[in-house]
Structures are given as structure tokens and as C-alpha cells.
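To keep things clear, I will list the structure first and then write my remarks on it.
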Amino acid sequence: AAERGQDSNATARARSGIGLVQAARGEADQACSGLEMAIHVLPKGDPIWPKVATALATSRLIRGDVDGADGLWQSLHDLGRATGNGLVTAEALAGTGMVSLVRGDLLSGRDALEHAEQLLSERRAPRSVIPISMILADLALIDGRLLEARERAIEAERKARETSRMATCIHAMGLLALVHSAYGDHAASRILTRDAMTLNRARSPNWGPSEVIAVVTVARALIETGAMQDAANILPDIGTTSISGLDDPLGQLLALQARIMAEHNPKQAQKLAGKALAQPPASFSWASARLRIDAALALENLDKRAAASALRRVLPQIEGDGVRLLRLEAHLLASRIGMDKSAQTANDLRAELSSELASPPGFLTRWSGTTG
């Protein structure tokens, strides 16, 4: 019996190792198989159990099993408390924050992530802190809290360099470039995107969720400055990409490809926009909204009816707290294609954000609504 137990544990550890690699690659469906088997066989005292539980919980979230993910993170939290392992407790708290974000409660999710970030920083765990900091920076950006987004992106980029996480460096630089574009400072944005492109050329040519989201973020910033060819060059071949993630890397990639091709290859742009819009909703609601806004921007001058249809699905998603800048972008586009009442909503949001930001030069011009 002891030998059978040892064999079972050895098999579970082997399956968990494969599952962890698959989860890191964004292969959530494949990862769940091995990780589910391992989580039920390995004892909670096994050193690898927290890693397996975290990867499985994230994979469950991606697949839409929110309650299952929440249950695992609660178990991790209990384990951390019972063993006095503050690192496990903090990472479990971050997980429960992710669950709140997926359930659409951005404010509660943000609070939990900020608490987890503080606890992990106190324990000097930069590899665990960095992904949380990047999510918090993105949340700050989509809400128009640009100073916070800037500070968080700068700090995340610094920590990523110190820990040799090149994809995160590229992601943080792209996010910082988007912050500058939101301020209306396209020159500063262009400098950052050039640096990000240089760094991307130097990294190994692997494409997991982190790498795709990194270059998607840079490409979005490049599109903001009109550098369409550079945006096209930095994105991977969509035909060879099959990955999943909480922010739907593939869907975002398709939507940006559609924007890039809208002017020179309208038929292909419409096809890509249609594929992007047909994607299952991303786990993070703001990622789904951003994808649909990108697709609508691609369709703006090609098929206004399809663009309006995409926006009608977006607007209810972004009526809650925490997404004011994203809502402003959507209503500006809706106004340009003639949707009722969006112009006044956009004006109100623009005035509110400009006032909070102390009316920075370029902000009102950037969000005037005259360009996509």
C-alpha cells in the first residue's frame, strides 16, 4: 500500500509538472487535466501543492469555473493561515481579488489586490508582486487615474528588469506609452514604444499569454500614434497562436490586427473584427470591452452598423465604477457614428477626468472625439 501511495504521488507530481508548464503557456484546458488529478492526490503539506493550487485556480478562472477557483484560493488562504506562511496567505488574497474582478466587482477586487501587493512587498517577493502591480496599473489606466497608472507601470518595469522578466518589461513600457497617449503626449509615447520594440527583438521568440499581452499593449500604443506598420510588425502571426488568458490575448490580437488592416485591406479587417467579436467573453470584463471597442474602431469607416452593434454590447458592460476612460473612448466612438446621447456622456466624462487631472495640456485635444 505504501508503494502504491508513493507511485501515486510520483505520478501526481509528474502530471503537476506538465500541468504547470501548460498553464504558463496559457493552455488552460490541457493544464486542468493534470492539475486536477494532482490536487486530489498530493497532500497539502507537499511543497508543490500551493503552486499546483494557484495554477489550477487561475486555469479554472480562465475556463469560467469561478466558484471552483474561489474555493481553491480559500483553501490556499486557510493553508497559509494554519501554517503561518504569509507568502501563501498573500497570494491567496490576490487570488480572491482576481475572483472579484472576474465577477465584475472592480472596486473590491482592486482593494484585495492592493492589500496583497502590500503584503507581498513586505515579504520581498517581487515575482509575485509584479503581475498584481500590472493589473492594478491597467485598472488605473482604464479609470483615467493616469498618475497612479504611470507610477505603477514605472515601478513594475523596474522590478521586472531586476528579476529578468523581459515580457513584463515590454508590457509595462507599452502600458506607460498608453498613459502618455492618454495625456495627449504622443512624442513621449513613441519613445517608449521604440524602446519596447527594441527589447522585444532581443527576447526569445516564445509566445505565451504574457508575451502576447505585452506586444498587444505596445501595438495599441503604436496605433494611437499612427505607427501602423510598426504595430503590425510587433504582433505575432495569428495563425500560429492558440493561447488563453484572463484578458483573452487572442481576441485582443485579432481586434488590433483588424484596426491595422482597416485602411489598406478592408475585407480582411472586417473578417478579423468579426472573429474578434465572436470570441467568448474574456474573464476580465474590461478586456472584453476593450476588445469590442478595438473591433468597433476597425469597423468605424467600413461598416457603421456592425460598429454600432459592437458598441451596443459594450456600453452596458462599462456603466459601473472603475472604467471611466474606457467608457469615454466608447462614447466618443458611439457619438462619431451617430448613436444618440453618447456625445453628452462623453463631454461629461471628459470634463470630469480633465478636472481630476488638473487639465493637463493635450488631454482635451486627445479626447476631443475627432479621431479614432
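If you're wondering about the labels, chains in the C-alpha cells are A, B, ... by order shown, residues count from 1 in each chain, ligands from 1 in order shown.
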
For this session: Please give the complete set of residues from range 116-165 of chain A that DSSP, run on the backbone, assigns to helix (DSSP H, G or I), formatted as an MDAnalysis selection string.
Result: chainID A and resid 116:122 126:142 146:162

Next, the residues of the selection above should be written as a short mmCIF file (atom, residue, chain, number, x, y, z; two decimals), in the first residue's frame with N, CA and C atoms.
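So result.cif came out as:
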```
data_model
loop_
_atom_site.label_atom_id
_atom_site.label_comp_id
_atom_site.auth_asym_id
_atom_site.auth_seq_id
_atom_site.Cartn_x
_atom_site.Cartn_y
_atom_site.Cartn_z
N ALA A 116 -2.88 42.62 -1.05
CA ALA A 116 -1.95 41.53 -1.36
C ALA A 116 -0.61 42.09 -1.83
N GLU A 117 -0.66 43.13 -2.64
CA GLU A 117 0.58 43.76 -3.12
C GLU A 117 1.43 44.27 -1.95
N GLN A 118 0.78 44.88 -0.99
CA GLN A 118 1.50 45.38 0.18
C GLN A 118 2.13 44.24 0.97
N LEU A 119 1.36 43.17 1.22
CA LEU A 119 1.87 42.03 1.98
C LEU A 119 3.04 41.35 1.26
N LEU A 120 2.93 41.20 -0.04
CA LEU A 120 3.99 40.55 -0.81
C LEU A 120 5.23 41.43 -0.89
N SER A 121 5.04 42.74 -0.96
CA SER A 121 6.18 43.66 -0.97
C SER A 121 6.93 43.58 0.35
N GLU A 122 6.19 43.48 1.44
CA GLU A 122 6.81 43.36 2.76
C GLU A 122 7.62 42.08 2.88
N PRO A 126 9.17 39.88 -5.25
CA PRO A 126 8.87 40.66 -6.46
C PRO A 126 8.20 39.86 -7.57
N ARG A 127 8.53 38.58 -7.71
CA ARG A 127 7.94 37.79 -8.78
C ARG A 127 6.43 37.61 -8.58
N SER A 128 6.00 37.63 -7.34
CA SER A 128 4.56 37.55 -7.06
C SER A 128 3.91 38.93 -7.12
N VAL A 129 4.66 39.97 -6.80
CA VAL A 129 4.12 41.33 -6.78
C VAL A 129 3.88 41.86 -8.19
N ILE A 130 4.80 41.57 -9.11
CA ILE A 130 4.78 42.22 -10.43
C ILE A 130 3.47 42.00 -11.19
N PRO A 131 2.95 40.77 -11.30
CA PRO A 131 1.68 40.60 -12.03
C PRO A 131 0.54 41.38 -11.39
N ILE A 132 0.53 41.46 -10.06
CA ILE A 132 -0.51 42.22 -9.37
C ILE A 132 -0.37 43.70 -9.70
N SER A 133 0.86 44.20 -9.67
CA SER A 133 1.10 45.61 -9.98
C SER A 133 0.66 45.95 -11.40
N MET A 134 0.87 45.03 -12.33
CA MET A 134 0.47 45.29 -13.71
C MET A 134 -1.06 45.35 -13.85
N ILE A 135 -1.76 44.47 -13.15
CA ILE A 135 -3.24 44.52 -13.19
C ILE A 135 -3.72 45.83 -12.58
N LEU A 136 -3.13 46.23 -11.46
CA LEU A 136 -3.53 47.48 -10.81
C LEU A 136 -3.22 48.69 -11.70
N ALA A 137 -2.11 48.64 -12.42
CA ALA A 137 -1.78 49.73 -13.35
C ALA A 137 -2.81 49.81 -14.47
N ASP A 138 -3.21 48.65 -14.99
CA ASP A 138 -4.22 48.62 -16.05
C ASP A 138 -5.56 49.13 -15.54
N LEU A 139 -5.93 48.74 -14.32
CA LEU A 139 -7.18 49.23 -13.74
C LEU A 139 -7.15 50.75 -13.56
N ALA A 140 -5.99 51.27 -13.17
CA ALA A 140 -5.87 52.73 -13.02
C ALA A 140 -6.01 53.42 -14.38
N LEU A 141 -5.41 52.83 -15.41
CA LEU A 141 -5.48 53.44 -16.75
C LEU A 141 -6.91 53.48 -17.27
N ILE A 142 -7.64 52.37 -17.19
CA ILE A 142 -8.98 52.35 -17.77
C ILE A 142 -9.96 53.23 -17.00
N LEU A 146 -4.52 58.48 -14.25
CA LEU A 146 -3.31 58.35 -15.06
C LEU A 146 -2.03 58.48 -14.26
N LEU A 147 -2.01 59.32 -13.24
CA LEU A 147 -0.80 59.45 -12.44
C LEU A 147 -0.50 58.13 -11.73
N GLU A 148 -1.53 57.51 -11.15
CA GLU A 148 -1.33 56.21 -10.50
C GLU A 148 -0.89 55.16 -11.50
N ALA A 149 -1.52 55.13 -12.67
CA ALA A 149 -1.14 54.16 -13.70
C ALA A 149 0.31 54.34 -14.09
N ARG A 150 0.73 55.61 -14.23
CA ARG A 150 2.12 55.89 -14.60
C ARG A 150 3.09 55.39 -13.54
N GLU A 151 2.81 55.70 -12.29
CA GLU A 151 3.71 55.30 -11.20
C GLU A 151 3.79 53.79 -11.08
N ARG A 152 2.64 53.12 -11.20
CA ARG A 152 2.63 51.66 -11.08
C ARG A 152 3.38 51.01 -12.24
N ALA A 153 3.20 51.52 -13.45
CA ALA A 153 3.88 50.94 -14.61
C ALA A 153 5.39 51.13 -14.50
N ILE A 154 5.82 52.29 -14.05
CA ILE A 154 7.26 52.55 -13.88
C ILE A 154 7.86 51.59 -12.85
N GLU A 155 7.17 51.42 -11.73
CA GLU A 155 7.68 50.54 -10.68
C GLU A 155 7.67 49.08 -11.13
N ALA A 156 6.63 48.66 -11.83
CA ALA A 156 6.57 47.28 -12.33
C ALA A 156 7.69 47.03 -13.33
N GLU A 157 7.96 48.00 -14.19
CA GLU A 157 9.04 47.85 -15.18
C GLU A 157 10.39 47.73 -14.49
N ARG A 158 10.60 48.51 -13.43
CA ARG A 158 11.86 48.44 -12.69
C ARG A 158 12.04 47.06 -12.04
N LYS A 159 11.00 46.57 -11.39
CA LYS A 159 11.08 45.26 -10.75
C LYS A 159 11.24 44.15 -11.77
N ALA A 160 10.60 44.29 -12.92
CA ALA A 160 10.71 43.27 -13.96
C ALA A 160 12.14 43.19 -14.49
N ARG A 161 12.78 44.34 -14.64
CA ARG A 161 14.19 44.33 -15.08
C ARG A 161 15.08 43.67 -14.05
N GLU A 162 14.82 43.95 -12.79
CA GLU A 162 15.65 43.38 -11.72
C GLU A 162 15.51 41.87 -11.64
#
```

For this session: Could you tell me how far CA of Leu353 in chain A lies from CA of Asp294 in chain A, in Å and to one decimal?
Result: 21.6 Å

Problem set entry | Shell around Ser59 in chain A at 9 Å using only C-alpha atoms, local window under 6 positions removed, as a VMD selection string | chain A and resid 23 26 to 29 31 to 32 65 69 245 to 246

Write out the residues from the selection above, keeping N, CA, C and O atoms, as a PDB file, in the first residue's frame.
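The result, written out as selection23.pdb:
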```pdb
ATOM      1  N   ALA A  23      -0.041  25.523 -18.041  1.00  0.00           N
ATOM      2  CA  ALA A  23      -0.694  26.726 -17.514  1.00  0.00           C
ATOM      3  C   ALA A  23       0.115  27.965 -17.838  1.00  0.00           C
ATOM      4  O   ALA A  23      -0.432  29.007 -18.203  1.00  0.00           O
ATOM      5  N   GLY A  26      -0.480  29.222 -21.196  1.00  0.00           N
ATOM      6  CA  GLY A  26      -1.837  29.666 -21.484  1.00  0.00           C
ATOM      7  C   GLY A  26      -2.735  28.581 -22.018  1.00  0.00           C
ATOM      8  O   GLY A  26      -3.803  28.858 -22.566  1.00  0.00           O
ATOM      9  N   GLU A  27      -2.340  27.317 -21.853  1.00  0.00           N
ATOM     10  CA  GLU A  27      -3.142  26.191 -22.326  1.00  0.00           C
ATOM     11  C   GLU A  27      -4.026  25.710 -21.175  1.00  0.00           C
ATOM     12  O   GLU A  27      -3.811  24.646 -20.585  1.00  0.00           O
ATOM     13  N   ALA A  28      -5.027  26.505 -20.839  1.00  0.00           N
ATOM     14  CA  ALA A  28      -5.821  26.267 -19.636  1.00  0.00           C
ATOM     15  C   ALA A  28      -6.551  24.928 -19.673  1.00  0.00           C
ATOM     16  O   ALA A  28      -6.591  24.199 -18.671  1.00  0.00           O
ATOM     17  N   ASP A  29      -7.142  24.577 -20.812  1.00  0.00           N
ATOM     18  CA  ASP A  29      -7.894  23.327 -20.886  1.00  0.00           C
ATOM     19  C   ASP A  29      -6.997  22.121 -20.646  1.00  0.00           C
ATOM     20  O   ASP A  29      -7.344  21.214 -19.886  1.00  0.00           O
ATOM     21  N   ALA A  31      -4.033  22.120 -19.187  1.00  0.00           N
ATOM     22  CA  ALA A  31      -3.414  22.186 -17.864  1.00  0.00           C
ATOM     23  C   ALA A  31      -4.335  21.620 -16.796  1.00  0.00           C
ATOM     24  O   ALA A  31      -3.896  20.934 -15.868  1.00  0.00           O
ATOM     25  N   CYS A  32      -5.623  21.891 -16.921  1.00  0.00           N
ATOM     26  CA  CYS A  32      -6.567  21.484 -15.870  1.00  0.00           C
ATOM     27  C   CYS A  32      -6.570  19.974 -15.652  1.00  0.00           C
ATOM     28  O   CYS A  32      -6.720  19.511 -14.513  1.00  0.00           O
ATOM     29  N   ASP A  65     -14.884  28.624 -14.507  1.00  0.00           N
ATOM     30  CA  ASP A  65     -15.271  27.978 -13.249  1.00  0.00           C
ATOM     31  C   ASP A  65     -14.864  28.895 -12.091  1.00  0.00           C
ATOM     32  O   ASP A  65     -13.887  28.642 -11.381  1.00  0.00           O
ATOM     33  N   ALA A  69     -12.517  28.147  -8.716  1.00  0.00           N
ATOM     34  CA  ALA A  69     -11.295  28.911  -8.469  1.00  0.00           C
ATOM     35  C   ALA A  69     -11.328  29.551  -7.090  1.00  0.00           C
ATOM     36  O   ALA A  69     -10.345  29.506  -6.332  1.00  0.00           O
ATOM     37  N   GLY A 245      -6.192  33.274 -21.732  1.00  0.00           N
ATOM     38  CA  GLY A 245      -5.807  34.071 -20.583  1.00  0.00           C
ATOM     39  C   GLY A 245      -7.005  34.837 -20.073  1.00  0.00           C
ATOM     40  O   GLY A 245      -8.038  34.920 -20.742  1.00  0.00           O
ATOM     41  N   LEU A 246      -6.870  35.395 -18.881  1.00  0.00           N
ATOM     42  CA  LEU A 246      -7.977  36.124 -18.280  1.00  0.00           C
ATOM     43  C   LEU A 246      -8.385  37.340 -19.101  1.00  0.00           C
ATOM     44  O   LEU A 246      -9.525  37.797 -19.021  1.00  0.00           O
TER      45      LEU A 246
END
```

Problem set entry | Shell around Ser189 in chain A at 7 Å using only C-alpha atoms, local window under 5 positions removed, as a VMD selection string | chain A and resid 177 to 178 180 to 181

Any chance you could tabulate, as CSV, the residues of range 196-276 of chain A at most 12 Å from range 309-318 of chain A with each one's nearest atom pair and distance in Å to one decimal, using only C-alpha atoms, in chain and rising number order?
```
residue,atom,partner,partner_atom,distance
A:Ala255,CA,A:Ala310,CA,11.9
A:Ala273,CA,A:Ala310,CA,9.9
A:Gly274,CA,A:Ala310,CA,9.8
A:Ala276,CA,A:Ala310,CA,10.6
```

Problem set entry | range 325-332 of chain A surroundings by only C-alpha atoms, 6 Å radius, close-in-sequence under 2 positions cut, as number ranges by chain | A: 142-144, 318, 323, 334-335, 342, 346, 369

For this session: Name the residues in contact with Arg15 in chain A at a cut-off of 12 Å, using only C-alpha atoms, excluding same-chain residues fewer than 6 positions from it; report them as a ChimeraX atom specification.
Result: /A:8-9,21-22,30-42,48,52

For this session: Give the answer as one residue: which of A:Ala258, A:Ala282, A:Ala82, A:Leu199 has the shortest atom-to-atom distance to Leu302 in chain A, using only C-alpha atoms?
Result: A:Ala258

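Of the listed residues (A:Ser204, A:Asn347, A:Thr217, A:Ser244), A:Ser244 comes nearest to Leu61 in chain A; the distances count only C-alpha atoms.
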
Exercise. Neighbours of range 103-114 of chain A within 7 Å (only C-alpha atoms; same-chain residues fewer than 5 positions away dropped), as an MDAnalysis selection string?
Worked result: chainID A and resid 93:94 97:98 132 136 285 322

Please report, as JSON lines, each residue of range 30-72 of chain A lying at most 12 Å from range 247-253 of chain A, together with the nearest pair of atoms and the separation in Å rounded to one decimal; use only C-alpha atoms, and order rows by chain and ascending residue number.
```
{"residue": "A:Thr58", "atom": "CA", "partner": "A:Asp247", "partner_atom": "CA", "distance": 12.0}
{"residue": "A:Leu61", "atom": "CA", "partner": "A:Asp247", "partner_atom": "CA", "distance": 11.0}
{"residue": "A:Ile62", "atom": "CA", "partner": "A:Asp247", "partner_atom": "CA", "distance": 8.7}
{"residue": "A:Arg63", "atom": "CA", "partner": "A:Asp248", "partner_atom": "CA", "distance": 11.1}
```

Only N, CA and C atoms, please: the residues just picked out, written as a short mmCIF file (atom, residue, chain, number, x, y, z; two decimals), in the first residue's frame.
```cif
data_model
loop_
_atom_site.label_atom_id
_atom_site.label_comp_id
_atom_site.auth_asym_id
_atom_site.auth_seq_id
_atom_site.Cartn_x
_atom_site.Cartn_y
_atom_site.Cartn_z
N THR A 58 -6.21 29.57 -11.37
CA THR A 58 -6.16 30.51 -12.50
C THR A 58 -6.74 29.87 -13.75
N LEU A 61 -10.43 29.82 -13.55
CA LEU A 61 -11.00 31.15 -13.84
C LEU A 61 -11.10 31.38 -15.34
N ILE A 62 -10.02 31.04 -16.05
CA ILE A 62 -10.00 31.24 -17.50
C ILE A 62 -11.11 30.44 -18.17
N ARG A 63 -11.37 29.24 -17.64
CA ARG A 63 -12.38 28.36 -18.23
C ARG A 63 -13.79 28.71 -17.76
#
```

Problem set entry | Distance criterion (only C-alpha atoms): nearest to Ala214 in chain A out of A:Ala24, A:Glu91, A:Gly174, A:Thr345 | A:Gly174
